[in-house]
$ cat entry-v4.txt   # compact mmCIF, C-alpha atoms
# COMPACT_ATOMS: atom_id res chain seq x y z
CA MET A 1 15.00 -5.77 8.49
CA TYR A 2 11.83 -5.70 6.38
CA SER A 3 8.53 -6.80 7.91
CA ILE A 4 5.95 -7.57 5.22
CA ILE A 5 2.52 -7.39 6.84
CA VAL A 6 -0.33 -9.14 5.02
CA ASN A 7 -3.97 -9.89 5.78
CA SER A 8 -4.97 -13.10 4.02
CA ILE A 9 -7.50 -15.91 4.24
CA ASP A 10 -6.34 -17.47 0.95
CA ALA A 11 -3.57 -20.05 1.37
CA GLN A 12 -2.76 -20.17 -2.35
CA LYS A 13 -2.37 -16.41 -2.67
CA LEU A 14 -0.23 -16.28 0.46
CA GLU A 15 1.98 -19.12 -0.75
CA ARG A 16 2.50 -17.42 -4.13
CA LEU A 17 3.39 -14.15 -2.42
CA GLU A 18 5.83 -15.85 -0.07
CA ARG A 19 7.57 -17.65 -2.95
CA ASN A 20 7.95 -14.34 -4.71
CA LEU A 21 9.37 -12.66 -1.60
CA VAL A 22 11.85 -15.48 -1.06
CA HIS A 23 13.21 -14.73 -4.53
CA VAL A 24 13.17 -10.91 -4.64
CA LEU A 25 14.40 -10.47 -1.05
CA ARG A 26 16.94 -13.30 -1.06
CA ASP A 27 19.76 -10.83 -0.31
CA ALA A 28 17.95 -9.11 2.58
CA GLU A 29 16.74 -9.89 6.08
CA TRP A 30 12.96 -10.03 6.19
CA GLU A 31 9.92 -11.64 7.76
CA LEU A 32 6.36 -12.25 6.64
CA VAL A 33 3.79 -11.23 9.24
CA HIS A 34 0.56 -12.98 8.31
CA ILE A 35 -2.77 -12.02 9.89
CA PRO A 36 -5.25 -14.79 8.98
CA ASP A 37 -8.32 -13.50 10.81
CA ALA A 38 -8.37 -9.74 10.30
CA LYS A 39 -11.75 -8.10 10.89
CA SER A 40 -10.71 -5.30 8.54
CA MET A 41 -7.57 -4.09 6.80
CA CYS A 42 -6.92 -1.65 9.64
CA ASP A 43 -7.50 -4.25 12.35
CA GLY A 44 -5.07 -6.66 10.71
CA TYR A 45 -2.46 -4.00 10.01
CA ASN A 46 -2.52 -2.69 13.57
CA ARG A 47 -2.10 -6.22 14.89
CA GLY A 48 0.63 -6.91 12.36
CA LEU A 49 2.46 -3.78 13.46
CA ILE A 50 2.55 -5.09 17.02
CA GLN A 51 3.89 -8.47 15.89
CA ALA A 52 6.48 -7.12 13.43
CA HIS A 53 10.15 -7.02 14.39
CA GLY A 54 11.48 -4.84 11.58
CA GLU A 55 12.00 -1.09 11.42
CA HIS A 56 11.06 -1.07 7.74
CA LEU A 57 7.43 -2.07 7.29
CA ILE A 58 5.60 -3.02 4.10
CA PHE A 59 1.82 -3.33 4.25
CA CYS A 60 0.51 -5.05 1.13
CA HIS A 61 -2.22 -7.15 -0.43
CA ASP A 62 -1.80 -10.91 -0.68
CA ASP A 63 -2.43 -10.97 -4.44
CA ILE A 64 0.65 -9.15 -5.73
CA GLU A 65 3.88 -10.30 -7.35
CA PHE A 66 7.04 -8.22 -7.71
CA LEU A 67 8.44 -8.46 -11.25
CA ALA A 68 12.04 -7.42 -10.54
CA ASP A 69 14.76 -10.01 -9.95
CA SER A 70 15.58 -8.31 -6.64
CA ILE A 71 13.93 -5.42 -4.78
CA HIS A 72 16.32 -5.00 -1.83
CA SER A 73 18.25 -2.03 -3.24
CA GLN A 74 15.05 -0.36 -4.47
CA LEU A 75 13.41 -0.66 -1.06
CA ALA A 76 16.55 0.54 0.72
CA TYR A 77 16.61 3.63 -1.51
CA ALA A 78 12.92 4.38 -0.92
CA PHE A 79 13.26 3.97 2.85
CA GLN A 80 16.38 6.15 2.89
CA TYR A 81 14.77 9.12 1.16
CA SER A 82 11.13 8.97 2.27
CA ASP A 83 9.09 8.37 5.40
CA LEU A 84 6.23 6.70 3.56
CA PHE A 85 5.95 5.40 -0.01
CA GLY A 86 3.78 3.44 -2.39
CA ILE A 87 3.67 2.45 -6.04
CA LEU A 88 0.53 4.47 -6.87
CA GLY A 89 -0.76 7.76 -5.54
CA SER A 90 -1.63 11.39 -6.07
CA ARG A 91 -0.32 14.82 -5.13
CA VAL A 92 -3.88 16.09 -4.77
CA MET A 93 -6.39 14.56 -2.38
CA CYS A 94 -9.89 14.80 -3.81
CA SER A 95 -11.70 11.82 -2.24
CA ALA A 96 -11.12 8.26 -1.11
CA ASN A 97 -10.83 7.49 -4.82
CA TRP A 98 -7.43 9.13 -5.30
CA MET A 99 -7.53 8.48 -9.06
CA ARG A 100 -10.20 11.15 -9.44
CA SER A 101 -7.52 13.80 -9.12
CA CYS A 102 -6.34 12.71 -12.61
CA GLN A 103 -3.11 13.63 -14.36
CA PRO A 104 -0.83 15.48 -13.91
CA HIS A 105 -1.47 14.84 -10.20
CA THR A 106 -1.57 11.02 -10.24
CA LEU A 107 1.66 9.05 -10.06
CA GLY A 108 3.01 5.52 -10.56
CA TYR A 109 2.12 2.45 -12.58
CA ILE A 110 0.94 -1.12 -12.06
CA VAL A 111 0.09 -4.24 -14.06
CA GLN A 112 -3.39 -5.60 -13.32
CA LEU A 113 -4.50 -9.14 -14.16
CA SER A 114 -8.17 -10.01 -13.75
CA GLU A 115 -9.57 -13.44 -12.90
CA SER A 116 -10.54 -13.86 -16.57
CA GLY A 117 -6.90 -13.38 -17.56
CA HIS A 118 -7.32 -9.88 -18.97
CA GLN A 119 -4.13 -7.92 -18.44
CA LYS A 120 -3.65 -4.16 -18.53
CA ILE A 121 -1.00 -1.66 -17.54
CA VAL A 122 -2.33 1.27 -15.51
CA LEU A 123 0.01 4.22 -16.03
CA CYS A 124 -0.85 7.11 -13.74
CA GLY A 125 2.28 9.21 -14.29
CA LEU A 126 6.06 8.83 -14.23
CA GLU A 127 8.47 11.71 -13.69
CA ASP A 128 11.37 10.06 -11.91
CA THR A 129 12.36 6.97 -9.98
CA LEU A 130 11.13 8.57 -6.73
CA MET A 131 8.31 11.12 -6.97
CA PHE A 132 7.72 13.29 -3.92
CA GLY A 133 4.83 15.41 -2.68
CA ALA A 134 2.14 12.72 -2.57
CA GLN A 135 -0.90 13.21 -0.36
CA ALA A 136 -2.58 9.89 -1.11
CA LEU A 137 -1.26 6.36 -1.66
CA ASP A 138 -3.02 3.29 -2.98
CA GLY A 139 -3.11 0.41 -0.51
CA VAL A 140 -1.91 -2.34 -2.83
CA MET A 141 1.51 -1.70 -1.26
CA ILE A 142 2.60 0.91 1.28
CA GLY A 143 6.04 1.01 2.84
CA CYS A 144 6.85 3.10 5.91
CA HIS A 145 9.23 3.40 8.82
CA ARG A 146 8.01 1.89 12.08
CA ARG A 147 7.99 5.31 13.77
CA VAL A 148 5.46 6.54 11.19
CA ALA A 149 3.08 3.61 11.65
CA GLU A 150 3.35 3.75 15.43
CA GLN A 151 2.53 7.46 15.44
CA LEU A 152 -0.37 7.29 13.00
CA GLN A 153 -1.86 3.83 13.56
CA TRP A 154 -4.56 2.55 11.17
CA ASP A 155 -8.04 3.96 11.85
CA GLU A 156 -9.99 0.77 12.47
CA GLN A 157 -12.92 2.66 14.02
CA THR A 158 -13.83 4.65 10.91
CA PHE A 159 -12.56 2.17 8.32
CA ASP A 160 -13.84 -1.10 9.69
CA GLY A 161 -13.91 -2.84 6.31
CA TRP A 162 -11.62 -3.23 3.31
CA HIS A 163 -11.58 0.21 1.68
CA GLY A 164 -10.50 3.74 2.55
CA TYR A 165 -7.81 2.64 5.01
CA ASP A 166 -4.99 3.53 2.61
CA VAL A 167 -5.92 7.10 1.68
CA ASP A 168 -6.80 7.84 5.30
CA PHE A 169 -3.40 6.61 6.51
CA SER A 170 -1.42 8.40 3.80
CA TYR A 171 -3.39 11.65 4.03
CA ARG A 172 -2.90 11.80 7.80
CA ALA A 173 0.80 11.22 7.16
CA PHE A 174 0.76 14.19 4.79
CA GLN A 175 -1.03 16.30 7.40
CA ALA A 176 1.59 15.30 9.98
CA GLY A 177 4.38 16.53 7.70
CA PHE A 178 5.91 13.21 6.70
CA ASN A 179 7.81 12.93 3.42
CA ILE A 180 5.62 10.82 1.13
CA ALA A 181 6.75 9.44 -2.23
CA VAL A 182 5.57 7.27 -5.09
CA VAL A 183 8.26 4.94 -6.44
CA GLY A 184 8.71 4.33 -10.14
CA PHE A 185 11.05 1.35 -9.86
CA LEU A 186 9.00 -1.40 -8.20
CA PRO A 187 7.03 -3.04 -11.02
CA LEU A 188 4.46 -5.50 -9.78
CA ILE A 189 1.41 -7.44 -10.88
CA HIS A 190 -1.80 -7.05 -8.94
CA TYR A 191 -3.94 -10.12 -9.55
CA SER A 192 -7.09 -8.05 -9.22
CA THR A 193 -8.80 -4.98 -10.63
CA ALA A 194 -9.99 -1.76 -9.03
CA THR A 195 -13.34 -1.80 -7.19
CA PHE A 196 -13.91 1.96 -6.91
CA GLN A 197 -17.49 1.61 -8.16
CA SER A 198 -18.66 -1.00 -5.65
CA PRO A 199 -21.27 -0.05 -3.02
CA ASP A 200 -18.83 -1.11 -0.30
CA PHE A 201 -16.15 1.27 -1.58
CA GLN A 202 -18.67 4.10 -1.86
CA LYS A 203 -19.65 3.53 1.77
CA TYR A 204 -16.09 4.22 2.91
CA GLU A 205 -15.67 7.05 0.42
CA THR A 206 -18.56 8.72 2.24
CA ALA A 207 -16.92 7.99 5.61
CA PHE A 208 -13.68 9.54 4.33
CA GLY A 209 -15.54 12.66 3.22
CA LEU A 210 -17.17 13.03 6.63
CA LYS A 211 -13.80 12.65 8.38
CA PHE A 212 -12.12 15.23 6.13
CA PRO A 213 -14.91 17.65 5.12
CA SER A 214 -12.47 20.31 3.88
CA ILE A 215 -11.50 18.05 0.96
CA ASN A 216 -14.96 18.05 -0.61
$ encode --input "entry-v4.txt" --output "structure tokens"
Amino acid sequence: MYSIIVNSIDAQKLERLERNLVHVLRDAEWELVHIPDAKSMCDGYNRGLIQAHGEHLIFCHDDIEFLADSIHSQLAYAFQYSDLFGILGSRVMCSANWMRSCQPHTLGYIVQLSESGHQKIVLCGLEDTLMFGAQALDGVMIGCHRRVAEQLQWDEQTFDGWHGYDVDFSYRAFQAGFNIAVVGFLPLIHYSTATFQSPDFQKYETAFGLKFPSIN
């Protein structure tokens, strides 16, 4: 069973996501675990973990849409061969902004659509359908086994906002020896653009650097 865990205060975004999931997971057993009042991404994800019934967990943003007709077989494959996976990431951890590691270390691809309607494809690197050795994953979508999430938990003390939670979680998974992968077969649209330059992101990039000083 898949448990899709989402923090959302936007009814329209949540409804669009749920319609998409009904279609792409129509041949699978799944549930949507919605946290409407999360104080932070980590707070909501930890609470969602407690509420979830599935062994296969997917933590994702509310403003995404899977482009495949079905994603059940793709998810089953990713869960079978990895402990933790995402659609974007890097094999080298350099900071909370994982994209700074640049190619050939960055992996995955995504379609971004801004509020103004500007669309772009962000191609970070594709080697195979399942690319192993990642140290960092982008938080737009992270899948993991329940045992991984229960062991690691989301660090809501350090990352008490909306940034940094993803690289912290995935890097601690790497440190713990889990098998982390980036998938190349889950195309999706993210109805947003990166905010790596915002003051809020930079605040949590600093917090990440203080937590893992050996990276800098």
$ closest_atom_pairs --input "entry-v4.txt" --of "stretch 103-133 of chain A" --to "stretch 69-87 of chain A" --cutoff "10 Å" --atoms "all atoms listed in the file" --output "CSV"
residue,atom,partner,partner_atom,distance
A:Leu107,CA,A:Ile87,CA,8.0
A:Gly108,CA,A:Ile87,CA,5.5
A:Tyr109,CA,A:Ile87,CA,6.7
A:Ile110,CA,A:Ile87,CA,7.5
A:Thr129,CA,A:Ala78,CA,9.4
A:Leu130,CA,A:Ala78,CA,7.4
A:Met131,CA,A:Phe85,CA,9.3
A:Phe132,CA,A:Ser82,CA,8.3
$ write_last_selection --input "entry-v4.txt" --atoms "C-alpha atoms" --output "PDB file, in the frame of the given file"
ATOM      1  CA  LEU A 107       1.660   9.050 -10.060  1.00  0.00           C
ATOM      2  CA  GLY A 108       3.010   5.520 -10.560  1.00  0.00           C
ATOM      3  CA  TYR A 109       2.120   2.450 -12.580  1.00  0.00           C
ATOM      4  CA  ILE A 110       0.940  -1.120 -12.060  1.00  0.00           C
ATOM      5  CA  THR A 129      12.360   6.970  -9.980  1.00  0.00           C
ATOM      6  CA  LEU A 130      11.130   8.570  -6.730  1.00  0.00           C
ATOM      7  CA  MET A 131       8.310  11.120  -6.970  1.00  0.00           C
ATOM      8  CA  PHE A 132       7.720  13.290  -3.920  1.00  0.00           C
TER       9      PHE A 132
END
$ atom_distance --input "entry-v4.txt" --atom1 "atom CA of A:Glu31" --atom2 "atom CA of A:Gly139"
19.6 Å
$ residues_around --input "entry-v4.txt" --residues "A:Phe169" --least-positions-apart "2" --cutoff "9 Å" --atoms "all atoms listed in the file" --output "tab-separated table (two decimals) with C-alpha atoms, keeping the file's coordinate frame"
chain	number	residue	atom	x	y	z
A	136	ALA	CA	-2.58	9.89	-1.11
A	137	LEU	CA	-1.26	6.36	-1.66
A	149	ALA	CA	3.08	3.61	11.65
A	152	LEU	CA	-0.37	7.29	13.00
A	153	GLN	CA	-1.86	3.83	13.56
A	154	TRP	CA	-4.56	2.55	11.17
A	155	ASP	CA	-8.04	3.96	11.85
A	164	GLY	CA	-10.50	3.74	2.55
A	165	TYR	CA	-7.81	2.64	5.01
A	166	ASP	CA	-4.99	3.53	2.61
A	167	VAL	CA	-5.92	7.10	1.68
A	171	TYR	CA	-3.39	11.65	4.03
A	172	ARG	CA	-2.90	11.80	7.80
A	173	ALA	CA	0.80	11.22	7.16
A	174	PHE	CA	0.76	14.19	4.79
$ closest_residue --input "entry-v4.txt" --among "A:Met99, A:Leu113, A:Leu49, A:Ile142" --to "A:Leu186" --atoms "only C-alpha atoms"
A:Ile142
$ residues_around --input "entry-v4.txt" --residues "A:Ala176" --least-positions-apart "6" --cutoff "10 Å" --atoms "only C-alpha atoms" --output "PyMOL selection string"
chain A and resi 148+151-152+170
$ atom_distance --input "entry-v4.txt" --atom1 "atom CA of A:Cys94" --atom2 "atom CA of A:Phe178"
19.0 Å
$ residues_around --input "entry-v4.txt" --residues "A:Tyr204" --least-positions-apart "5" --cutoff "12 Å" --atoms "all atoms listed in the file" --output "compact mmCIF listing (two decimals) with C-alpha atoms, in the coordinates of the input"
# COMPACT_ATOMS: atom_id res chain seq x y z
CA SER A 95 -11.70 11.82 -2.24
CA ALA A 96 -11.12 8.26 -1.11
CA ASN A 97 -10.83 7.49 -4.82
CA GLU A 156 -9.99 0.77 12.47
CA GLN A 157 -12.92 2.66 14.02
CA THR A 158 -13.83 4.65 10.91
CA PHE A 159 -12.56 2.17 8.32
CA ASP A 160 -13.84 -1.10 9.69
CA GLY A 161 -13.91 -2.84 6.31
CA TRP A 162 -11.62 -3.23 3.31
CA HIS A 163 -11.58 0.21 1.68
CA GLY A 164 -10.50 3.74 2.55
CA TYR A 165 -7.81 2.64 5.01
CA ASP A 166 -4.99 3.53 2.61
CA VAL A 167 -5.92 7.10 1.68
CA ASP A 168 -6.80 7.84 5.30
CA PHE A 196 -13.91 1.96 -6.91
CA GLN A 197 -17.49 1.61 -8.16
CA SER A 198 -18.66 -1.00 -5.65
CA PRO A 199 -21.27 -0.05 -3.02
CA GLY A 209 -15.54 12.66 3.22
CA LEU A 210 -17.17 13.03 6.63
CA LYS A 211 -13.80 12.65 8.38
$ axis_aligned_box --input "entry-v4.txt" --around "stretch 131-135 of chain A" --padding-each-side "4 Å" --output "JSON"
{"center_x": 3.7, "center_y": 13.3, "center_z": -3.7, "size_x": 17.2, "size_y": 12.3, "size_z": 14.6}
$ residues_near_point --input "entry-v4.txt" --point "(-11.3, -8.2, 10.9)" --cutoff "12 Å" --atoms "all atoms listed in the file" --output "PyMOL selection string"
chain A and resi 7-9+35-47+156-157+159-162
$ atom_distance --input "entry-v4.txt" --atom1 "atom CA of A:Glu29" --atom2 "atom CA of A:Leu67"
19.3 Å
$ residues_around --input "entry-v4.txt" --residues "A:Arg16" --least-positions-apart "2" --cutoff "10 Å" --atoms "only C-alpha atoms" --output "count of residues only"
12
$ closest_residue --input "entry-v4.txt" --among "A:Arg146, A:Pro104, A:Asp27, A:Val22" --to "A:Ile58" --atoms "only C-alpha atoms"
A:Arg146
$ closest_residue --input "entry-v4.txt" --among "A:Met141, A:His190, A:Val33, A:Leu57" --to "A:His118" --atoms "only C-alpha atoms"
A:His190
$ decode --input "entry-v4.txt" --residues "stretch 103-174 of chain A" --atoms "C-alpha atoms" --output "compact mmCIF listing (two decimals), in the first residue's frame"
# COMPACT_ATOMS: atom_id res chain seq x y z
CA GLN A 103 27.02 17.75 -13.48
CA PRO A 104 28.14 15.01 -13.67
CA HIS A 105 27.02 14.64 -10.04
CA THR A 106 23.42 15.86 -10.39
CA LEU A 107 20.71 13.44 -11.50
CA GLY A 108 17.11 13.39 -12.73
CA TYR A 109 14.76 15.70 -14.59
CA ILE A 110 11.56 17.65 -14.02
CA VAL A 111 9.15 19.93 -15.88
CA GLN A 112 8.57 23.27 -14.12
CA LEU A 113 5.62 25.55 -14.84
CA SER A 114 5.62 29.01 -13.29
CA GLU A 115 2.53 31.01 -12.32
CA SER A 116 3.03 33.13 -15.45
CA GLY A 117 2.78 29.99 -17.58
CA HIS A 118 6.47 29.78 -18.45
CA GLN A 119 7.46 26.16 -18.87
CA LYS A 120 10.94 24.66 -18.78
CA ILE A 121 12.50 21.23 -18.53
CA VAL A 122 15.25 20.97 -15.93
CA LEU A 123 17.59 18.15 -16.94
CA CYS A 124 20.14 17.39 -14.25
CA GLY A 125 21.47 14.12 -15.65
CA LEU A 126 20.18 10.78 -16.91
CA GLU A 127 22.24 7.59 -16.98
CA ASP A 128 19.64 4.90 -16.45
CA THR A 129 16.11 4.31 -15.25
CA LEU A 130 17.35 3.97 -11.65
CA MET A 131 20.51 5.86 -10.69
CA PHE A 132 22.18 4.85 -7.44
CA GLY A 133 24.68 6.48 -5.11
CA ALA A 134 22.75 9.67 -4.33
CA GLN A 135 23.57 11.62 -1.17
CA ALA A 136 20.94 14.33 -1.60
CA LEU A 137 17.35 14.32 -2.87
CA ASP A 138 15.10 17.21 -3.79
CA GLY A 139 11.94 17.38 -1.70
CA VAL A 140 9.44 17.79 -4.52
CA MET A 141 8.92 14.02 -4.17
CA ILE A 142 10.70 11.51 -1.93
CA GLY A 143 9.66 7.88 -1.63
CA CYS A 144 10.91 5.61 1.15
CA HIS A 145 10.09 2.48 3.09
CA ARG A 146 8.37 3.03 6.42
CA ARG A 147 11.33 1.55 8.32
CA VAL A 148 13.58 4.27 6.87
CA ALA A 149 11.28 7.14 7.85
CA GLU A 150 10.68 5.71 11.31
CA GLN A 151 14.41 5.37 11.93
CA LEU A 152 15.40 8.79 10.62
CA GLN A 153 12.36 10.98 11.35
CA TRP A 154 12.23 14.52 9.92
CA ASP A 155 14.30 17.07 11.87
CA GLU A 156 11.63 19.58 12.83
CA GLN A 157 13.86 21.21 15.45
CA THR A 158 16.54 22.41 13.02
CA PHE A 159 14.34 22.76 9.94
CA ASP A 160 11.28 24.46 11.38
CA GLY A 161 10.25 26.05 8.08
CA TRP A 162 9.86 25.00 4.46
CA HIS A 163 13.41 24.46 3.23
CA GLY A 164 16.36 22.19 3.98
CA TYR A 165 14.22 19.32 5.27
CA ASP A 166 14.80 17.23 2.14
CA VAL A 167 18.60 17.32 1.90
CA ASP A 168 18.87 16.81 5.66
CA PHE A 169 16.66 13.72 5.52
CA SER A 170 18.36 12.22 2.47
CA TYR A 171 21.90 12.99 3.64
CA ARG A 172 21.25 11.36 7.02
CA ALA A 173 19.90 8.36 5.10
CA PHE A 174 23.17 8.26 3.16
